[in-house]
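S.K.: mmCIF, C-alpha atoms, pLDDT in the B column; chains and numbers go by the auth columns, saved as upload28.cif, coming up:
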```cif
data_data
loop_
_atom_site.group_PDB
_atom_site.id
_atom_site.type_symbol
_atom_site.label_atom_id
_atom_site.label_comp_id
_atom_site.label_asym_id
_atom_site.label_seq_id
_atom_site.Cartn_x
_atom_site.Cartn_y
_atom_site.Cartn_z
_atom_site.B_iso_or_equiv
_atom_site.auth_seq_id
_atom_site.auth_asym_id
ATOM 1 C CA MET A 1 163.244 107.667 77.570 43.00 265 A
ATOM 2 C CA CYS A 2 163.556 111.025 75.885 45.00 266 A
ATOM 3 C CA GLU A 3 160.828 113.594 75.356 50.00 267 A
ATOM 4 C CA ALA A 4 158.661 113.102 72.290 53.00 268 A
ATOM 5 C CA ARG A 5 159.043 115.405 69.306 69.00 269 A
ATOM 6 C CA LEU A 6 155.377 116.347 69.145 68.00 270 A
ATOM 7 C CA ALA A 7 155.907 119.871 67.911 77.00 271 A
ATOM 8 C CA THR A 8 152.402 120.958 66.993 86.00 272 A
ATOM 9 C CA GLU A 9 148.965 120.808 68.544 89.00 273 A
ATOM 10 C CA GLU A 10 147.870 118.565 65.666 90.00 274 A
ATOM 11 C CA GLN A 11 150.674 116.105 66.388 89.00 275 A
ATOM 12 C CA LEU A 12 149.861 116.079 70.087 91.00 276 A
ATOM 13 C CA SER A 13 146.180 115.545 69.328 94.00 277 A
ATOM 14 C CA PHE A 14 147.080 112.681 66.986 94.00 278 A
ATOM 15 C CA ALA A 15 149.303 111.048 69.616 94.00 279 A
ATOM 16 C CA ILE A 16 146.477 111.256 72.156 95.00 280 A
ATOM 17 C CA SER A 17 144.118 109.723 69.596 96.00 281 A
ATOM 18 C CA CYS A 18 146.581 106.863 69.064 96.00 282 A
ATOM 19 C CA ILE A 19 146.912 106.252 72.788 97.00 283 A
ATOM 20 C CA GLU A 20 143.136 106.188 73.204 97.00 284 A
ATOM 21 C CA ALA A 21 142.673 103.838 70.225 97.00 285 A
ATOM 22 C CA VAL A 22 145.307 101.414 71.532 97.00 286 A
ATOM 23 C CA ALA A 23 143.704 101.550 74.986 98.00 287 A
ATOM 24 C CA THR A 24 140.302 100.809 73.462 97.00 288 A
ATOM 25 C CA LEU A 25 141.564 97.845 71.440 97.00 289 A
ATOM 26 C CA LEU A 26 143.468 96.388 74.395 97.00 290 A
ATOM 27 C CA GLN A 27 140.811 97.363 76.943 98.00 291 A
ATOM 28 C CA LYS A 28 143.493 99.063 79.031 97.00 292 A
ATOM 29 C CA ASP A 29 143.784 102.371 80.829 98.00 293 A
ATOM 30 C CA PRO A 30 145.190 105.063 78.490 97.00 294 A
ATOM 31 C CA ARG A 31 147.755 105.953 81.187 97.00 295 A
ATOM 32 C CA ASP A 32 149.184 102.441 80.936 97.00 296 A
ATOM 33 C CA VAL A 33 149.361 102.732 77.145 97.00 297 A
ATOM 34 C CA TYR A 34 151.146 106.078 77.444 95.00 298 A
ATOM 35 C CA SER A 35 153.624 104.524 79.870 94.00 299 A
ATOM 36 C CA ALA A 36 154.321 101.681 77.448 94.00 300 A
ATOM 37 C CA LEU A 37 154.875 104.114 74.563 93.00 301 A
ATOM 38 C CA ALA A 38 156.868 106.776 76.391 91.00 302 A
ATOM 39 C CA ASP A 39 158.518 105.078 79.376 92.00 303 A
ATOM 40 C CA LYS A 40 158.977 101.408 78.490 93.00 304 A
ATOM 41 C CA THR A 41 159.780 102.055 74.809 94.00 305 A
ATOM 42 C CA ASN A 42 160.494 105.070 72.681 90.00 306 A
ATOM 43 C CA LEU A 43 157.597 104.426 70.288 93.00 307 A
ATOM 44 C CA LEU A 44 155.915 107.726 71.069 91.00 308 A
ATOM 45 C CA ASP A 45 158.943 109.550 69.697 88.00 309 A
ATOM 46 C CA ASP A 46 160.448 107.031 67.281 89.00 310 A
ATOM 47 C CA TYR A 47 157.193 105.907 65.681 92.00 311 A
ATOM 48 C CA ILE A 48 154.217 108.195 66.317 93.00 312 A
ATOM 49 C CA ALA A 49 156.070 111.532 66.217 91.00 313 A
ATOM 50 C CA ARG A 50 158.621 110.532 63.584 91.00 314 A
ATOM 51 C CA TYR A 51 156.061 109.126 61.133 93.00 315 A
ATOM 52 C CA TYR A 52 153.230 111.531 61.930 93.00 316 A
ATOM 53 C CA ASP A 53 153.097 112.834 58.339 93.00 317 A
ATOM 54 C CA VAL A 54 152.173 109.381 57.034 94.00 318 A
ATOM 55 C CA LEU A 55 150.360 107.912 60.029 94.00 319 A
ATOM 56 C CA HIS A 56 147.856 110.720 60.508 93.00 320 A
ATOM 57 C CA THR A 57 146.405 109.962 57.065 95.00 321 A
ATOM 58 C CA GLN A 58 145.552 106.393 58.093 95.00 322 A
ATOM 59 C CA ASP A 59 142.560 105.005 60.005 93.00 323 A
ATOM 60 C CA LYS A 60 143.215 105.400 63.728 90.00 324 A
ATOM 61 C CA TYR A 61 142.488 101.743 64.445 93.00 325 A
ATOM 62 C CA TYR A 62 144.859 100.627 61.689 96.00 326 A
ATOM 63 C CA VAL A 63 147.541 102.795 63.319 96.00 327 A
ATOM 64 C CA ALA A 64 146.613 101.412 66.748 97.00 328 A
ATOM 65 C CA GLU A 65 147.045 97.847 65.477 97.00 329 A
ATOM 66 C CA GLU A 66 150.454 98.781 64.070 96.00 330 A
ATOM 67 C CA ILE A 67 151.446 100.281 67.420 96.00 331 A
ATOM 68 C CA ILE A 68 150.301 97.109 69.198 97.00 332 A
ATOM 69 C CA ARG A 69 152.456 95.053 66.796 96.00 333 A
ATOM 70 C CA GLU A 70 155.442 97.327 67.512 95.00 334 A
ATOM 71 C CA LEU A 71 154.917 96.931 71.260 96.00 335 A
ATOM 72 C CA ALA A 72 154.789 93.150 70.865 96.00 336 A
ATOM 73 C CA ALA A 73 157.935 93.200 68.712 95.00 337 A
ATOM 74 C CA GLU A 74 159.712 95.011 71.536 93.00 338 A
ATOM 75 C CA GLY A 75 158.364 92.516 74.061 94.00 339 A
ATOM 76 C CA VAL A 76 156.308 95.116 75.922 93.00 340 A
ATOM 77 C CA GLU A 77 152.933 94.315 77.425 90.00 341 A
ATOM 78 C CA VAL A 78 150.547 97.076 78.362 90.00 342 A
#
```
As structure tokens, please, write out the structure in this file.

M.R.:
Amino acid sequence: MCEARLATEEQLSFAISCIEAVATLLQKDPRDVYSALADKTNLLDDYIARYYDVLHTQDKYYVAEEIIRELAAEGVEV
């Protein structure tokens, strides 16, 4: 997959927060979540980075649940 468009420190921090929240909800290692978002799909770039302006205003666990739904829609298990 391509490199994520996380241009600012705030965006990077938000992406890390999303990865940690997904890992917490799924009780998985954050490294596995990162792999699912960046290597198995392009959700890190196409969802988290692209929609940062809207997503960062939402509750992190709401965003995490949305990410989990996106992963499921793409048929990816963490």

S.K.: What lies within 12 Å of stretch 324-338 of chain A using all atoms listed in the file, ignoring chain neighbours under 6 positions off, as number ranges by chain?

M.R.: A: 277-290, 297-302, 304-308, 310-312, 315-316, 318

S.K.: My list of candidates is A:Thr321, A:Gln291, A:Arg314, A:Glu341. Which is closest to A:Ala271 when distances are computed with only C-alpha atoms?

M.R.: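 Selected residue with least distance to A:Ala271: A:Arg314.
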
S.K.: May I ask for the distance between atom CA of A:Val342 and atom CA of A:Leu319, given in Å to one decimal place?

M.R.: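 Interatomic distance, atom CA of A:Val342 to atom CA of A:Leu319: 21.3 Å.
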
S.K.: Which residue out of A:Asp317, A:Asp323, A:Val340, A:Glu273 has the minimum interatomic distance to A:Asp296 when only C-alpha atoms are used?

M.R.: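 Of A:Asp317, A:Asp323, A:Val340, A:Glu273, the one nearest A:Asp296 is A:Val340, counting only C-alpha atoms.
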
S.K.: For stretch 297-323 of chain A, supply N, CA and C atoms and format the output as a PDB file, in the frame of the given file.

M.R.:
```pdb
ATOM      1  N   VAL A 297     148.903 102.704  78.544  1.00 97.00           N
ATOM      2  CA  VAL A 297     149.361 102.732  77.145  1.00 97.00           C
ATOM      3  C   VAL A 297     150.419 103.819  76.979  1.00 97.00           C
ATOM      4  N   TYR A 298     150.157 104.997  77.521  1.00 95.00           N
ATOM      5  CA  TYR A 298     151.146 106.078  77.444  1.00 95.00           C
ATOM      6  C   TYR A 298     152.477 105.631  78.056  1.00 95.00           C
ATOM      7  N   SER A 299     152.405 104.992  79.209  1.00 94.00           N
ATOM      8  CA  SER A 299     153.624 104.524  79.870  1.00 94.00           C
ATOM      9  C   SER A 299     154.385 103.547  78.983  1.00 94.00           C
ATOM     10  N   ALA A 300     153.663 102.645  78.333  1.00 94.00           N
ATOM     11  CA  ALA A 300     154.321 101.681  77.448  1.00 94.00           C
ATOM     12  C   ALA A 300     154.985 102.377  76.266  1.00 94.00           C
ATOM     13  N   LEU A 301     154.337 103.410  75.736  1.00 93.00           N
ATOM     14  CA  LEU A 301     154.875 104.114  74.563  1.00 93.00           C
ATOM     15  C   LEU A 301     155.987 105.096  74.897  1.00 93.00           C
ATOM     16  N   ALA A 302     155.919 105.701  76.064  1.00 91.00           N
ATOM     17  CA  ALA A 302     156.868 106.776  76.391  1.00 91.00           C
ATOM     18  C   ALA A 302     157.922 106.377  77.419  1.00 91.00           C
ATOM     19  N   ASP A 303     157.589 105.441  78.303  1.00 92.00           N
ATOM     20  CA  ASP A 303     158.518 105.078  79.376  1.00 92.00           C
ATOM     21  C   ASP A 303     159.198 103.728  79.146  1.00 92.00           C
ATOM     22  N   LYS A 304     158.428 102.749  78.692  1.00 93.00           N
ATOM     23  CA  LYS A 304     158.977 101.408  78.490  1.00 93.00           C
ATOM     24  C   LYS A 304     159.626 101.239  77.119  1.00 93.00           C
ATOM     25  N   THR A 305     159.201 102.054  76.157  1.00 94.00           N
ATOM     26  CA  THR A 305     159.780 102.055  74.809  1.00 94.00           C
ATOM     27  C   THR A 305     159.940 103.508  74.394  1.00 94.00           C
ATOM     28  N   ASN A 306     160.407 103.713  73.216  1.00 90.00           N
ATOM     29  CA  ASN A 306     160.494 105.070  72.681  1.00 90.00           C
ATOM     30  C   ASN A 306     159.572 105.218  71.466  1.00 90.00           C
ATOM     31  N   LEU A 307     158.499 104.422  71.440  1.00 93.00           N
ATOM     32  CA  LEU A 307     157.597 104.426  70.288  1.00 93.00           C
ATOM     33  C   LEU A 307     156.860 105.747  70.117  1.00 93.00           C
ATOM     34  N   LEU A 308     156.597 106.440  71.193  1.00 91.00           N
ATOM     35  CA  LEU A 308     155.915 107.726  71.069  1.00 91.00           C
ATOM     36  C   LEU A 308     156.758 108.668  70.208  1.00 91.00           C
ATOM     37  N   ASP A 309     158.038 108.681  70.449  1.00 88.00           N
ATOM     38  CA  ASP A 309     158.943 109.550  69.697  1.00 88.00           C
ATOM     39  C   ASP A 309     159.379 108.911  68.382  1.00 88.00           C
ATOM     40  N   ASP A 310     159.847 107.672  68.450  1.00 89.00           N
ATOM     41  CA  ASP A 310     160.448 107.031  67.281  1.00 89.00           C
ATOM     42  C   ASP A 310     159.437 106.526  66.259  1.00 89.00           C
ATOM     43  N   TYR A 311     158.190 106.399  66.629  1.00 92.00           N
ATOM     44  CA  TYR A 311     157.193 105.907  65.681  1.00 92.00           C
ATOM     45  C   TYR A 311     156.089 106.935  65.450  1.00 92.00           C
ATOM     46  N   ILE A 312     155.371 107.300  66.492  1.00 93.00           N
ATOM     47  CA  ILE A 312     154.217 108.195  66.317  1.00 93.00           C
ATOM     48  C   ILE A 312     154.658 109.592  65.878  1.00 93.00           C
ATOM     49  N   ALA A 313     155.618 110.178  66.577  1.00 91.00           N
ATOM     50  CA  ALA A 313     156.070 111.532  66.217  1.00 91.00           C
ATOM     51  C   ALA A 313     156.858 111.524  64.907  1.00 91.00           C
ATOM     52  N   ARG A 314     157.761 110.565  64.770  1.00 91.00           N
ATOM     53  CA  ARG A 314     158.621 110.532  63.584  1.00 91.00           C
ATOM     54  C   ARG A 314     157.825 110.320  62.297  1.00 91.00           C
ATOM     55  N   TYR A 315     156.817 109.455  62.343  1.00 93.00           N
ATOM     56  CA  TYR A 315     156.061 109.126  61.133  1.00 93.00           C
ATOM     57  C   TYR A 315     154.676 109.768  61.097  1.00 93.00           C
ATOM     58  N   TYR A 316     154.515 110.830  61.864  1.00 93.00           N
ATOM     59  CA  TYR A 316     153.230 111.531  61.930  1.00 93.00           C
ATOM     60  C   TYR A 316     152.698 111.866  60.536  1.00 93.00           C
ATOM     61  N   ASP A 317     153.548 112.390  59.665  1.00 93.00           N
ATOM     62  CA  ASP A 317     153.097 112.834  58.339  1.00 93.00           C
ATOM     63  C   ASP A 317     152.374 111.733  57.569  1.00 93.00           C
ATOM     64  N   VAL A 318     152.816 110.508  57.716  1.00 94.00           N
ATOM     65  CA  VAL A 318     152.173 109.381  57.034  1.00 94.00           C
ATOM     66  C   VAL A 318     151.050 108.803  57.893  1.00 94.00           C
ATOM     67  N   LEU A 319     151.326 108.590  59.166  1.00 94.00           N
ATOM     68  CA  LEU A 319     150.360 107.912  60.029  1.00 94.00           C
ATOM     69  C   LEU A 319     149.047 108.665  60.181  1.00 94.00           C
ATOM     70  N   HIS A 320     149.096 109.984  60.239  1.00 93.00           N
ATOM     71  CA  HIS A 320     147.856 110.720  60.508  1.00 93.00           C
ATOM     72  C   HIS A 320     146.868 110.650  59.342  1.00 93.00           C
ATOM     73  N   THR A 321     147.316 110.120  58.207  1.00 95.00           N
ATOM     74  CA  THR A 321     146.405 109.962  57.065  1.00 95.00           C
ATOM     75  C   THR A 321     145.705 108.607  57.084  1.00 95.00           C
ATOM     76  N   GLN A 322     146.094 107.747  58.011  1.00 95.00           N
ATOM     77  CA  GLN A 322     145.552 106.393  58.093  1.00 95.00           C
ATOM     78  C   GLN A 322     144.412 106.326  59.111  1.00 95.00           C
ATOM     79  N   ASP A 323     143.609 105.265  59.028  1.00 93.00           N
ATOM     80  CA  ASP A 323     142.560 105.005  60.005  1.00 93.00           C
ATOM     81  C   ASP A 323     143.192 104.818  61.378  1.00 93.00           C
TER      82      ASP A 323
END
```
